[in-house]
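Shown next, in structure tokens, is the structure this report addresses.
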Amino acid sequence: MKRHTLYILLLAVLSFAAGTSLAIAGDKARVFINPGHGGHDNNDRPSPFYNHGANDTTWYYESDSNILKGLALRDILKAKGYEVVMSRVHNTTADDLDLFEISSLAANSGADIFFAIHSNATGIPRKINHTLSIYRGNTREPVVEGSDSLARCVVNQLFRNQLTPWTHGPQVAGDWTFYSNWGPKTGLGVLRYNKLPGMLSEGSFHDYLPERARLLNADYCALEGWNLSVAIDRYFGRTRGYVNGVIAGVVTTSQLHADSVAIKGPRIEIVEAAPACGVKVELLDASHKVLSSYTTDNLYNGVYVFKALKPGRYFVRLAGNPGSERPVTLAPNASAYCNFLKP
Ligand SMILES: [Zn+2]
């Protein structure tokens with residue numbers, strides 16, 4: 001048992017004796033974050049695509065969205081009282097460490113969990129979009145205890161994101177089972193030497209073009225970082241110390257998405273509407289005072305995000321359109337979603 005676990009137990013006994021809930025004060029859980037890949041090179045799966053908002057070919061690199069998610073997660077976890085160690089904080093080829101080196105760094109960091117951040121791709125024309133977390137071992141039989149419950153916390157929290165359409169439910173798997181055609185007990189390189197409870201999160205599918213356009217928005221990546229922090233809180237049972245949250249959504253038009261393809265799940269076929277670029281969304285408090293605004297970018301994703309909000313009752317609306325106003329209740333340490341159709 002690690003010293004901090006013993007400390008939590010002691011705290012739990014003391015707070016139970018005092019009739020209070022378990023507080024996070026003094027508990028320094030440590031998280032090792034590995035934003036996947038690094039540098040705009042070949043193993044970063046460079047993916048140029050025509051962006052209908054930019055009216056130009058736009059480059060997407062998975063390493064860019066991974067580092068944005070990772071840095072957001074780092075900052076939020078620190079605000080929540082965690083200690084954080086990163087495998088990289090920049091995005092150069094030199095940051096793209098050898099997988100064994102990443103495992104060694106994690107092992108020597110004193111971290112309690114190992115957390116790799118990625119997004120997924122089918123690599124084939126058939127497009128899907130779901131969240132997947134992978135740990136080392138057979139499915140339901142992780143090599144390191146706790147890895148599967150961390151993975152489950154992650155996919156369940158990410159699946160609640162209503163800015164993207166999901167074709168399948170949240171998925172978790174052991175890498176030996178998932179990549180069984182790679183040979184017995186081979187699995188993912190980055191998990192191979194890892195000794196901590198840990199996993200690799202494939203947040204969504206970046207080769208589904210509407211999702212790739214969302215991943216170009218730094219606040220959309222930060223939203224994923226935020227949701228990952230809530231999942232990590234659940235894993236550690238630290239759900240009461242931090243109360244702020246996030247309200248987010250997308251603004252779409254009634255037109256068809258220019259990259260519209262029907263993405264297919266087991267029972268559903270999803271066709272997306274075109275995002276609205278340059279539209280201002282306003283956040284209002286319970287007394288209808290405008291607190292802030294967010295203008296959707298020109299990268300054809302319609303994303304808006306309001307961060308670090310106290311829990312409570314809010315309203316959101318399209319600026320200059322009082323009829324679009326909708327109430328949103330934000331629970332403590334949570335995400336709330338509200339999507340708009342621009343008339
Ligand atoms: Zn990746």
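Naming works like this for the structure tokens: A, B, ... for the chains as they're shown, residue 1 at the start of each chain, ligands 1 onward in shown order.
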Note to self: Counting only C-alpha atoms and all ligand atoms, what are the residues, protein, DNA or RNA alike, that approach ligand 1 to within 9 Å? I want them as number ranges by chain.
What the structure shows: A: 35-37, 43-45, 62-63, 66, 117-121, 202
Take the residues from that selection and put them in a file with N, CA and C atoms, as a PDB file, in the first residue's frame.
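So the final result, stored in selection22.pdb, reads:
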ATOM      1  N   PRO A  35       0.641  12.775 -23.325  1.00  0.00           N
ATOM      2  CA  PRO A  35      -0.072  13.161 -24.554  1.00  0.00           C
ATOM      3  C   PRO A  35       0.591  12.452 -25.737  1.00  0.00           C
ATOM      4  N   GLY A  36      -0.156  11.676 -26.458  1.00  0.00           N
ATOM      5  CA  GLY A  36       0.398  10.771 -27.456  1.00  0.00           C
ATOM      6  C   GLY A  36       1.126  11.463 -28.593  1.00  0.00           C
ATOM      7  N   HIS A  37       2.152  10.792 -29.144  1.00  0.00           N
ATOM      8  CA  HIS A  37       2.953  11.241 -30.285  1.00  0.00           C
ATOM      9  C   HIS A  37       3.757  12.496 -29.923  1.00  0.00           C
ATOM     10  N   ASN A  43       4.814   9.432 -37.709  1.00  0.00           N
ATOM     11  CA  ASN A  43       3.999   8.622 -36.813  1.00  0.00           C
ATOM     12  C   ASN A  43       2.883   9.426 -36.156  1.00  0.00           C
ATOM     13  N   ASP A  44       2.782  10.683 -36.564  1.00  0.00           N
ATOM     14  CA  ASP A  44       1.725  11.547 -36.052  1.00  0.00           C
ATOM     15  C   ASP A  44       0.505  11.517 -36.968  1.00  0.00           C
ATOM     16  N   ARG A  45       0.514  10.627 -37.937  1.00  0.00           N
ATOM     17  CA  ARG A  45      -0.619  10.470 -38.840  1.00  0.00           C
ATOM     18  C   ARG A  45      -1.078  11.820 -39.415  1.00  0.00           C
ATOM     19  N   GLU A  62      -2.544  14.670 -34.882  1.00  0.00           N
ATOM     20  CA  GLU A  62      -3.069  14.156 -33.609  1.00  0.00           C
ATOM     21  C   GLU A  62      -2.249  14.681 -32.436  1.00  0.00           C
ATOM     22  N   SER A  63      -0.930  14.879 -32.649  1.00  0.00           N
ATOM     23  CA  SER A  63      -0.085  15.356 -31.545  1.00  0.00           C
ATOM     24  C   SER A  63      -0.537  16.724 -31.043  1.00  0.00           C
ATOM     25  N   ASN A  66      -3.708  16.138 -28.923  1.00  0.00           N
ATOM     26  CA  ASN A  66      -3.315  15.403 -27.711  1.00  0.00           C
ATOM     27  C   ASN A  66      -2.636  16.320 -26.693  1.00  0.00           C
ATOM     28  N   ILE A 117      -3.054   9.933 -23.657  1.00  0.00           N
ATOM     29  CA  ILE A 117      -4.147  10.634 -24.340  1.00  0.00           C
ATOM     30  C   ILE A 117      -3.963  10.569 -25.850  1.00  0.00           C
ATOM     31  N   HIS A 118      -4.977  10.073 -26.529  1.00  0.00           N
ATOM     32  CA  HIS A 118      -4.943   9.940 -27.991  1.00  0.00           C
ATOM     33  C   HIS A 118      -6.321  10.200 -28.571  1.00  0.00           C
ATOM     34  N   SER A 119      -6.378  10.163 -29.931  1.00  0.00           N
ATOM     35  CA  SER A 119      -7.666   9.998 -30.607  1.00  0.00           C
ATOM     36  C   SER A 119      -7.489   8.885 -31.618  1.00  0.00           C
ATOM     37  N   ASN A 120      -8.588   8.447 -32.171  1.00  0.00           N
ATOM     38  CA  ASN A 120      -8.625   7.186 -32.905  1.00  0.00           C
ATOM     39  C   ASN A 120      -8.875   7.419 -34.399  1.00  0.00           C
ATOM     40  N   ALA A 121      -8.664   6.393 -35.201  1.00  0.00           N
ATOM     41  CA  ALA A 121      -8.969   6.456 -36.637  1.00  0.00           C
ATOM     42  C   ALA A 121      -9.276   5.045 -37.109  1.00  0.00           C
ATOM     43  N   GLU A 202      -8.591   6.710 -26.165  1.00  0.00           N
ATOM     44  CA  GLU A 202      -8.884   7.154 -27.533  1.00  0.00           C
ATOM     45  C   GLU A 202     -10.188   7.932 -27.420  1.00  0.00           C
TER      46      GLU A 202
END
Check: Among stretch 43-217 of chain A, which residues carry a DSSP assignment of helix (DSSP H, G or I), reported as a ChimeraX atom specification?
Finding: /A:43-44,62-79,93-95,99-108,147-159,175-178,180-182,189-192,209-215
Margin query: Based on the backbone DSSP call, show me all residues of stretch 25-255 of chain A assigned strand (DSSP E), as a ChimeraX atom specification.
Written below: /A:30-35,47-51,56-60,83-86,113-120,132-135,137-138,141-142,171-174,198-205,245-255
Notebook entry, point to check: Quick one: residues within 12 Å of A:Ser149, only C-alpha atoms counted, chain neighbours fewer than 3 positions away excluded, as a list of chain:residue names?
Noted result: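 Near neighbours after the sequence-gap exclusion: A:Ile113, A:Ser133, A:Ile134, A:Tyr135, A:Thr139, A:Arg140, A:Glu141, A:Pro142, A:Val144, A:Glu145, A:Gly146, A:Arg152, A:Cys153, A:Val154, A:Val155, A:Asn156, A:Val172, A:Ala173, A:Gly174, A:Pro197, A:Gly198, A:Met199, A:Ala231, A:Ile232, A:Arg234, A:Tyr235, A:Phe236, A:Gly237.
The closest residue to A:Asn333, picked from A:Glu272, A:Asp297, A:Asp41, A:Asp233 and counting only C-alpha atoms, is A:Asp233.
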Next item on the list: Name the residues in contact with stretch 125-127 of chain A at a cut-off of 10 Å, using only C-alpha atoms, excluding same-chain residues fewer than 6 positions from it; report them as a ChimeraX atom specification.
Entry: /A:167,205-209,261-265
For C-alpha atoms, I'd like the residues from the last selection saved as a compact mmCIF listing (two decimals), in the first residue's frame.
# COMPACT_ATOMS: atom_id res chain seq x y z
CA THR A 167 -22.16 5.82 -33.24
CA PHE A 205 -12.27 9.39 -34.03
CA HIS A 206 -10.25 12.14 -35.76
CA ASP A 207 -10.67 10.60 -39.22
CA TYR A 208 -14.38 11.40 -39.03
CA LEU A 209 -14.04 14.86 -40.64
CA VAL A 261 -21.19 11.19 -44.47
CA ALA A 262 -23.59 8.85 -42.79
CA ILE A 263 -21.65 7.37 -39.90
CA LYS A 264 -23.09 4.12 -38.79
CA GLY A 265 -23.41 2.44 -35.45
Next item on the list: Tell me, as a PyMOL selection string, which residues lie within 9 Å of A:Val85, counting only C-alpha atoms; anything in the same chain fewer than 2 positions away does not count.
Entry: chain A and resi 30-34+74+83+87-88+106+109+111
Take the residues from that selection and put them in a file with C-alpha atoms, as a PDB file, in the first residue's frame.
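Once everything was written out, this is selection22.pdb:
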ATOM      1  CA  ARG A  30      -0.173  12.032  -8.555  1.00  0.00           C
ATOM      2  CA  VAL A  31      -1.030  11.552 -12.236  1.00  0.00           C
ATOM      3  CA  PHE A  32       1.421  10.838 -15.060  1.00  0.00           C
ATOM      4  CA  ILE A  33       0.059  12.249 -18.326  1.00  0.00           C
ATOM      5  CA  ASN A  34       1.401  11.107 -21.681  1.00  0.00           C
ATOM      6  CA  ARG A  74      -2.673  19.113 -16.234  1.00  0.00           C
ATOM      7  CA  GLU A  83       0.300  16.492  -8.544  1.00  0.00           C
ATOM      8  CA  SER A  87       5.863  13.129 -20.589  1.00  0.00           C
ATOM      9  CA  ARG A  88       5.917  16.240 -22.815  1.00  0.00           C
ATOM     10  CA  ALA A 106       6.232   7.114 -15.354  1.00  0.00           C
ATOM     11  CA  SER A 109       7.703   9.737 -11.229  1.00  0.00           C
ATOM     12  CA  ALA A 111       2.682   8.639  -9.937  1.00  0.00           C
TER      13      ALA A 111
END
Check: What gap, in Å, lies between atom CA of A:Arg326 and atom CA of A:Gly241?
Finding: 28.7 Å
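The space between atom CA of A:Lys289 and atom CA of A:Val246 spans 18.1 Å.
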Check: Which of these residues is nearest to A:Ser254, using only C-alpha atoms: A:Pro184, A:Gly225, A:Pro275, A:Gly320?
Finding: A:Pro275
Item checked: Distance of atom CA of A:Tyr61 from atom CA of A:Arg160, expressed in Å to one decimal place ->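 Interatomic distance, atom CA of A:Arg160 to atom CA of A:Tyr61: 24.8 Å.
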Checklist line | Selection near stretch 168-170 of chain A, 8 Å with only C-alpha atoms, sequence-local residues under 6 positions removed, as a list in words | finding: Ile128, Asn129, His130, Thr131, Leu132, Val155, Asn156, Phe159, Gly265 and Pro266 of chain A
Go ahead and write the selection's residues with N, CA and C atoms as a PDB file, in the first residue's frame.
ATOM      1  N   ILE A 128     -16.780   5.802 -38.145  1.00  0.00           N
ATOM      2  CA  ILE A 128     -17.505   5.612 -36.899  1.00  0.00           C
ATOM      3  C   ILE A 128     -16.962   6.643 -35.911  1.00  0.00           C
ATOM      4  N   ASN A 129     -17.604   6.766 -34.776  1.00  0.00           N
ATOM      5  CA  ASN A 129     -17.119   7.694 -33.749  1.00  0.00           C
ATOM      6  C   ASN A 129     -17.555   7.189 -32.381  1.00  0.00           C
ATOM      7  N   HIS A 130     -16.589   6.738 -31.615  1.00  0.00           N
ATOM      8  CA  HIS A 130     -16.899   6.345 -30.243  1.00  0.00           C
ATOM      9  C   HIS A 130     -15.669   6.543 -29.380  1.00  0.00           C
ATOM     10  N   THR A 131     -15.862   6.408 -28.095  1.00  0.00           N
ATOM     11  CA  THR A 131     -14.760   6.561 -27.165  1.00  0.00           C
ATOM     12  C   THR A 131     -14.319   5.176 -26.704  1.00  0.00           C
ATOM     13  N   LEU A 132     -12.993   5.024 -26.583  1.00  0.00           N
ATOM     14  CA  LEU A 132     -12.425   3.708 -26.275  1.00  0.00           C
ATOM     15  C   LEU A 132     -11.254   3.897 -25.320  1.00  0.00           C
ATOM     16  N   VAL A 155     -14.369   6.414 -20.133  1.00  0.00           N
ATOM     17  CA  VAL A 155     -15.292   6.324 -21.278  1.00  0.00           C
ATOM     18  C   VAL A 155     -16.693   6.778 -20.902  1.00  0.00           C
ATOM     19  N   ASN A 156     -17.110   6.490 -19.677  1.00  0.00           N
ATOM     20  CA  ASN A 156     -18.460   6.896 -19.278  1.00  0.00           C
ATOM     21  C   ASN A 156     -18.590   8.411 -19.222  1.00  0.00           C
ATOM     22  N   PHE A 159     -18.388   9.865 -22.904  1.00  0.00           N
ATOM     23  CA  PHE A 159     -19.583   9.527 -23.690  1.00  0.00           C
ATOM     24  C   PHE A 159     -20.725  10.516 -23.457  1.00  0.00           C
ATOM     25  N   GLY A 265     -23.600   3.272 -36.629  1.00  0.00           N
ATOM     26  CA  GLY A 265     -23.415   2.439 -35.446  1.00  0.00           C
ATOM     27  C   GLY A 265     -24.280   1.212 -35.570  1.00  0.00           C
ATOM     28  N   PRO A 266     -24.435   0.474 -34.481  1.00  0.00           N
ATOM     29  CA  PRO A 266     -25.208  -0.768 -34.543  1.00  0.00           C
ATOM     30  C   PRO A 266     -26.665  -0.527 -34.923  1.00  0.00           C
TER      31      PRO A 266
END
Next item on the list: Tell me, as a ChimeraX atom specification, which residues lie within 10 Å of A:Asn55, counting only C-alpha atoms; anything in the same chain fewer than 6 positions away does not count.
Entry: /A:298-300
Next item on the list: May I ask which of the residues A:Leu150, A:Ala218, A:Ala276, A:Leu105 is the closest one to A:Asn301, counting only C-alpha atoms?
Entry: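 Closest candidate: A:Ala276.
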Next item on the list: Have a look at A:Asp148, A:Asp96, A:Asp285, A:Asp56 and name the one nearest to A:Pro311; count only C-alpha atoms.
Entry: A:Asp285
